[in-house]
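K.L.:
Next comes entry-v3.txt, compact mmCIF, C-alpha atoms and all ligand atoms:
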# COMPACT_ATOMS: atom_id res chain seq x y z
CA MET A 20 -8.89 -7.59 30.44
CA ALA A 21 -11.82 -8.63 28.36
CA ARG A 22 -13.54 -5.29 28.34
CA SER A 23 -10.60 -3.23 27.13
CA ARG A 24 -9.85 -5.84 24.49
CA VAL A 25 -13.32 -5.39 23.08
CA LEU A 26 -12.87 -1.63 23.02
CA ASP A 27 -9.46 -1.95 21.36
CA SER A 28 -10.74 -4.13 18.58
CA MET A 29 -13.35 -1.50 17.81
CA TYR A 30 -10.76 1.08 16.81
CA THR A 31 -10.82 1.55 13.08
CA PRO A 32 -8.79 4.30 11.50
CA LYS A 33 -10.56 7.22 9.84
CA ILE A 34 -8.57 7.98 6.72
CA LYS A 35 -7.97 11.62 5.83
CA PHE A 36 -7.04 12.59 2.28
CA GLU A 37 -4.75 15.54 1.75
CA PHE A 38 -2.30 17.11 -0.69
CA ASP A 39 1.38 17.60 0.07
CA GLN A 40 3.46 19.15 -2.68
CA LYS A 41 6.62 18.99 -0.64
CA LEU A 42 6.22 15.26 -0.21
CA ASP A 43 5.58 14.92 -3.94
CA THR A 44 8.85 16.72 -4.66
CA GLU A 45 10.76 14.53 -2.19
CA MET A 46 9.30 11.31 -3.55
CA LEU A 47 9.58 12.10 -7.26
CA TRP A 48 13.19 13.05 -6.67
CA GLU A 49 13.84 9.86 -4.75
CA PHE A 50 12.15 7.53 -7.23
CA LEU A 51 13.88 9.21 -10.16
CA GLY A 52 17.18 8.08 -8.67
CA ASP A 53 15.91 4.67 -7.65
CA ALA A 54 17.01 1.34 -9.02
CA LYS A 55 14.55 -1.46 -9.64
CA LYS A 56 12.82 -3.16 -6.75
CA GLY A 57 11.25 -6.60 -6.98
CA GLY A 58 11.81 -6.38 -10.74
CA PHE A 59 9.84 -3.13 -11.03
CA ASP A 60 11.47 -0.01 -12.47
CA PHE A 61 10.21 2.95 -10.43
CA SER A 62 12.34 5.54 -12.18
CA ALA A 63 10.90 4.54 -15.57
CA GLU A 64 7.41 4.79 -14.11
CA VAL A 65 8.04 8.38 -12.99
CA ILE A 66 9.39 9.36 -16.41
CA LYS A 67 6.47 7.69 -18.18
CA ASN A 68 4.07 9.95 -16.29
CA HIS A 69 6.30 13.01 -16.19
CA PRO A 70 8.47 12.97 -19.33
CA ALA A 71 9.73 16.48 -18.57
CA LEU A 72 11.65 15.08 -15.60
CA LYS A 73 13.70 12.76 -17.78
CA ASN A 74 17.01 14.57 -17.70
CA ASN A 75 16.62 16.58 -14.56
CA THR A 76 19.40 16.27 -12.11
CA SER A 77 18.42 18.81 -9.50
CA LYS A 78 15.81 18.65 -6.80
CA GLU A 79 15.14 22.37 -7.28
CA VAL A 80 13.95 21.68 -10.84
CA VAL A 81 11.66 18.93 -9.58
CA LYS A 82 10.26 21.31 -6.96
CA LYS A 83 9.40 23.90 -9.59
CA TYR A 84 7.96 21.24 -11.87
CA VAL A 85 5.67 20.02 -9.06
CA ALA A 86 4.45 23.54 -8.20
CA ASN A 87 3.73 24.21 -11.85
CA TYR A 88 1.98 20.88 -12.29
CA TYR A 89 -0.28 21.58 -9.32
CA ARG A 90 -1.19 24.97 -10.78
CA LYS A 91 -2.00 23.52 -14.18
CA HIS A 92 -3.99 20.55 -12.88
CA GLU A 93 -5.64 22.19 -9.89
CA LYS A 94 -9.20 21.25 -10.79
CA GLU A 95 -8.36 17.69 -11.82
CA LEU A 96 -6.52 17.17 -8.56
CA ARG A 97 -9.33 18.59 -6.46
CA ASP A 98 -11.94 16.52 -8.30
CA ALA A 99 -9.88 13.36 -7.93
CA LYS A 100 -9.55 13.94 -4.19
CA LYS A 101 -13.29 14.47 -3.79
CA ASP A 102 -14.04 11.38 -5.83
CA ILE A 103 -11.65 9.19 -3.84
CA GLU A 104 -12.99 10.51 -0.52
CA LYS A 105 -16.53 9.74 -1.58
CA ARG A 106 -15.73 6.28 -2.84
CA TRP A 107 -13.69 5.34 0.21
CA LYS A 108 -16.62 6.27 2.47
CA THR A 109 -18.87 3.84 0.63
CA VAL A 110 -16.49 0.89 1.05
CA GLU A 111 -14.67 1.47 4.35
CA SER A 112 -17.02 -0.50 6.60
CA GLU A 113 -16.87 -3.50 4.25
CA PHE A 114 -13.10 -3.18 4.19
CA TYR A 115 -12.79 -3.24 7.98
CA LYS A 116 -15.15 -6.20 8.13
CA ALA A 117 -12.91 -8.11 5.73
CA THR A 118 -9.70 -7.23 7.58
CA ASP A 119 -11.32 -8.27 10.88
CA LYS A 120 -12.01 -11.64 9.31
CA TYR A 121 -8.57 -12.36 7.85
CA PHE A 122 -6.59 -10.70 10.66
CA GLU A 123 -8.79 -12.17 13.41
CA LYS A 124 -9.79 -8.76 14.77
CA LEU A 125 -6.22 -7.61 15.20
CA SER A 126 -6.21 -4.03 16.51
CA TRP A 127 -5.18 -1.40 14.01
CA PRO A 128 -1.90 0.24 15.00
CA LYS A 129 -2.15 3.90 15.95
CA GLY A 130 -1.08 6.38 13.30
CA LYS A 131 -2.04 9.35 11.19
CA TYR A 132 -3.81 7.42 8.39
CA ILE A 133 -3.42 10.13 5.79
CA GLY A 134 -3.64 9.26 2.11
CA TYR A 135 -1.80 11.93 0.16
CA ILE A 136 -3.43 12.36 -3.22
CA SER A 137 -0.31 12.57 -5.31
CA ILE A 138 1.21 13.13 -8.74
CA ASN A 139 3.83 10.46 -7.99
CA PRO A 140 2.88 7.23 -9.81
CA CYS A 141 4.82 4.98 -7.41
CA GLY A 142 2.43 5.01 -4.43
CA PRO A 143 4.92 4.67 -1.56
CA ARG A 144 3.77 4.01 1.98
CA PHE A 145 5.36 5.25 5.18
CA LEU A 146 5.05 2.55 7.80
CA PRO A 147 6.07 4.48 10.93
CA ASN A 148 3.25 7.04 10.79
CA LYS A 149 0.72 5.14 8.64
CA THR A 150 0.60 7.53 5.70
CA TRP A 151 1.02 6.91 1.99
CA GLN A 152 0.62 8.46 -1.46
CA THR A 153 -2.24 7.59 -3.80
CA PRO A 154 -1.63 8.54 -7.47
CA TYR A 155 -4.49 10.76 -8.59
CA PHE A 156 -4.42 9.71 -12.24
CA TRP A 157 -5.63 6.14 -11.80
CA PRO A 158 -9.22 6.53 -10.62
CA LYS A 159 -10.01 2.91 -11.35
CA GLU A 160 -7.22 1.58 -9.17
CA ALA A 161 -7.35 4.17 -6.37
CA ILE A 162 -9.47 2.15 -3.94
CA GLY A 163 -7.44 -1.00 -4.62
CA GLN A 164 -4.23 0.92 -3.95
CA ILE A 165 -5.55 2.38 -0.67
CA ILE A 166 -6.54 -1.12 0.39
CA HIS A 167 -3.08 -2.35 -0.57
CA GLU A 168 -1.33 0.20 1.67
CA MET A 169 -3.76 -0.29 4.55
CA LEU A 170 -3.20 -4.05 4.38
CA HIS A 171 0.55 -3.42 4.67
CA PHE A 172 0.04 -1.52 7.94
CA LEU A 173 -1.96 -4.37 9.43
CA PHE A 174 0.38 -7.03 8.04
CA PHE A 175 3.49 -5.45 9.57
CA GLU A 176 1.60 -5.09 12.86
CA GLN A 177 0.67 -8.77 12.71
CA ALA A 178 4.27 -9.73 11.94
CA THR A 179 5.45 -8.11 15.20
CA LYS A 180 3.11 -10.46 17.05
CA VAL A 181 4.41 -13.69 15.54
CA LYS A 182 7.25 -15.04 17.65
CA ASN A 183 10.71 -16.14 16.52
CA THR A 184 10.53 -14.99 12.93
CA HIS A 185 13.76 -12.95 12.87
CA PHE A 186 13.05 -11.67 9.37
CA LYS A 187 15.56 -9.54 7.57
CA LYS A 188 13.93 -6.28 6.51
CA ASP A 189 13.86 -7.29 2.86
CA GLN A 190 12.37 -10.72 3.56
CA LEU A 191 9.47 -9.17 5.42
CA TRP A 192 8.96 -6.66 2.61
CA HIS A 193 8.80 -9.45 0.01
CA LEU A 194 6.40 -11.43 2.18
CA SER A 195 4.15 -8.39 2.66
CA GLU A 196 3.87 -7.93 -1.11
CA ILE A 197 3.29 -11.64 -1.78
CA PHE A 198 0.63 -11.58 0.94
CA ASN A 199 -1.18 -8.67 -0.75
CA ASP A 200 -1.05 -10.43 -4.12
CA ILE A 201 -2.96 -13.23 -2.44
CA ILE A 202 -5.38 -11.54 -0.05
CA GLN A 203 -6.46 -8.86 -2.52
CA LYS A 204 -7.81 -11.67 -4.67
CA GLU A 205 -10.13 -12.87 -1.90
CA LYS A 206 -13.76 -12.29 -2.78
CA GLU A 207 -14.42 -9.53 -0.22
CA PHE A 208 -11.56 -7.42 -1.51
CA VAL A 209 -12.34 -8.05 -5.18
CA GLN A 210 -15.86 -6.86 -4.46
CA ILE A 211 -14.66 -3.66 -2.78
CA GLN A 212 -11.91 -2.91 -5.30
CA GLY A 213 -14.06 -3.72 -8.27
CA TYR A 214 -11.28 -5.69 -9.94
CA ILE A 215 -8.77 -8.50 -9.43
CA PRO A 216 -5.31 -6.96 -9.05
CA GLU A 217 -2.31 -8.31 -10.92
CA ILE A 218 0.84 -9.49 -9.16
CA SER A 219 2.52 -6.27 -8.01
CA TYR A 220 6.17 -7.19 -8.59
CA PRO A 221 7.45 -9.34 -11.49
CA ASP A 222 9.87 -11.19 -9.18
CA HIS A 223 6.92 -12.61 -7.24
CA ASN A 224 5.18 -14.28 -10.16
CA ARG A 225 7.11 -17.50 -9.77
CA LEU A 226 6.36 -17.66 -6.03
CA HIS A 227 2.66 -16.89 -6.08
CA LYS A 228 1.39 -20.46 -6.29
CA LYS A 229 3.50 -21.77 -3.45
CA TYR A 230 2.42 -19.05 -1.02
CA LEU A 231 -1.18 -19.30 -2.15
CA LEU A 232 -1.18 -22.92 -0.99
CA ILE A 233 0.17 -21.85 2.39
CA TRP A 234 -2.55 -19.19 2.62
CA LYS A 235 -5.33 -21.60 1.74
CA LYS A 236 -4.59 -23.85 4.71
CA ASN A 237 -5.93 -21.33 7.24
CA LYS A 238 -6.68 -18.06 5.49
CA THR A 239 -5.53 -15.93 8.40
CA ALA A 240 -2.65 -13.47 8.29
CA ARG A 241 -1.19 -14.80 11.53
CA LYS A 242 -0.99 -18.41 10.34
CA PHE A 243 0.23 -17.30 6.93
CA ILE A 244 3.20 -15.50 8.49
CA GLU A 245 3.94 -18.44 10.79
CA ASN A 246 3.84 -20.93 7.95
CA SER A 247 5.75 -18.77 5.45
CA THR A 248 8.66 -17.79 7.66
CA ALA A 249 10.96 -20.67 6.68
CA GLU A 250 10.01 -20.38 2.99
CA ILE A 251 10.64 -16.67 2.59
CA LYS A 252 14.09 -17.12 4.14
CA LYS A 253 14.89 -19.67 1.45
CA ASP A 254 13.51 -17.45 -1.30
CA PHE A 255 15.24 -14.17 -0.37
ZN ZN A 301 3.01 -2.80 -1.56
Would you mind giving the structure from this file in structure tokens?

P.N.:
Amino acid sequence: MARSRVLDSMYTPKIKFEFDQKLDTEMLWEFLGDAKKGGFDFSAEVIKNHPALKNNTSKEVVKKYVANYYRKHEKELRDAKKDIEKRWKTVESEFYKATDKYFEKLSWPKGKYIGYISINPCGPRFLPNKTWQTPYFWPKEAIGQIIHEMLHFLFFEQATKVKNTHFKKDQLWHLSEIFNDIIQKEKEFVQIQGYIPEISYPDHNRLHKKYLLIWKKNKTARKFIENSTAEIKKDF
């Protein structure tokens, strides 16, 4: 019914920012053992930021390292969280305006919408409950990264509403990243982020142009998914 549709489209998530040391331990441990994805070496990224974890083979050691790190960097972490909270507040309404435009007022899926301010440099997102980690040591990129993860939640929601795609999990993942490489360069997002992001995964460099042309035809997420379905199946 028209009325409830209007109400639905007015739901915009309120992001909460929190710390979760246990999640940091889990994720650092996982990424340390991870192979490359999309041409990006996550394990190397962890070691670059936490050289002490280089030769650690036990999760218990990682747990202690995380607790110690939090103790040592308590003020920095708290300040970073405050700063990110403040900055997100100043851009959130512009962000939701931009997503309404490119996603044609698609309703945001329900979820927790918690951004965990994190010491993990990999910034994973957790689709089922709409939470993610935001590395605290990149203040310049923090807003862009939050936008990136939020766009994923809306993109995967949109994908469920496009019929007959039958994506394999990996194909949809690649398409979601290629989509972000494109949409985060649109003027509204560049304005909010304060910078033009680079292509996230090296493997997608060669594909960027082709999908950009598909995007430019309609500039809506729905049409982009419809028109990219056959292509992404050829590419991955
Ligand atoms: Zn991503």

K.L.:
When the cut-off is 8 Å and you count all atoms listed in the file, which residues lie near ligand ZN 301 (chain A), shown as a ChimeraX atom specification?

P.N.:
/A:143-144,167-168,171,195-196,199,219

K.L.:
So how many Å separate CA of Glu45 in chain A and CA of Val81 in chain A, to one decimal?

P.N.:
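The value is 8.6 Å.
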
K.L.:
Could you check the closest approach to Lys129 in chain A for each of A:Leu173, A:Leu232, A:Ala161, A:Ala178 and tell me which residue wins, using all atoms listed in the file?

P.N.:
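Closest to Lys129 in chain A of all the choices is A:Leu173.
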
K.L.:
What's around Phe145 in chain A at 10 Å? Count all atoms listed in the file, leave out sequence neighbours fewer than 5 positions away in its own chain, and write the answer as a tab-separated table (two decimals) with C-alpha atoms, in the coordinates of the input.

P.N.:
chain	number	residue	atom	x	y	z
A	132	TYR	CA	-3.81	7.42	8.39
A	150	THR	CA	0.60	7.53	5.70
A	151	TRP	CA	1.02	6.91	1.99
A	152	GLN	CA	0.62	8.46	-1.46
A	168	GLU	CA	-1.33	0.20	1.67
A	171	HIS	CA	0.55	-3.42	4.67
A	172	PHE	CA	0.04	-1.52	7.94

K.L.:
Measuring atom to atom with only C-alpha atoms, identify which of A:Lys35, A:Lys108, A:Lys120, A:His69 is nearest to Glu205 in chain A.

P.N.:
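Checking each of A:Lys35, A:Lys108, A:Lys120, A:His69 against Glu205 in chain A, counting only C-alpha atoms, the winner is A:Lys120.
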
K.L.:
Go through range 115-225 of chain A residue by residue and, counting all atoms listed in the file, keep those with an atom at most 10 Å from range 53-61 of chain A; for each kept residue give the shortest atom pair and its distance in Å to one decimal, ordered by chain and increasing number, as CSV.

P.N.:
residue,atom,partner,partner_atom,distance
A:Pro140,CA,A:Phe61,CA,8.5
A:Cys141,CA,A:Phe61,CA,6.5
A:Trp192,CA,A:Gly57,CA,9.9
A:His193,CA,A:Gly57,CA,7.9
A:Glu196,CA,A:Gly57,CA,9.5
A:Ser219,CA,A:Phe59,CA,8.5
A:Tyr220,CA,A:Gly57,CA,5.4
A:Pro221,CA,A:Gly58,CA,5.3
A:Asp222,CA,A:Gly57,CA,5.3
A:His223,CA,A:Gly57,CA,7.4

K.L.:
Looking at A:Asn139, A:Met169, A:Val209, A:Glu160, which one is nearest to Lys67 in chain A, with distances taken over all atoms listed in the file?

P.N.:
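Of A:Asn139, A:Met169, A:Val209, A:Glu160, the one nearest Lys67 in chain A, counting all atoms listed in the file, is A:Asn139.
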
K.L.:
Give me, as number ranges by chain, all polymer residues having an atom no more than 12 Å from Glu176 in chain A, counting all atoms listed in the file and skipping those fewer than 2 positions away in the same chain.

P.N.:
A: 122, 125-130, 146-147, 149, 169-174, 178-181, 191, 195, 240-241, 244
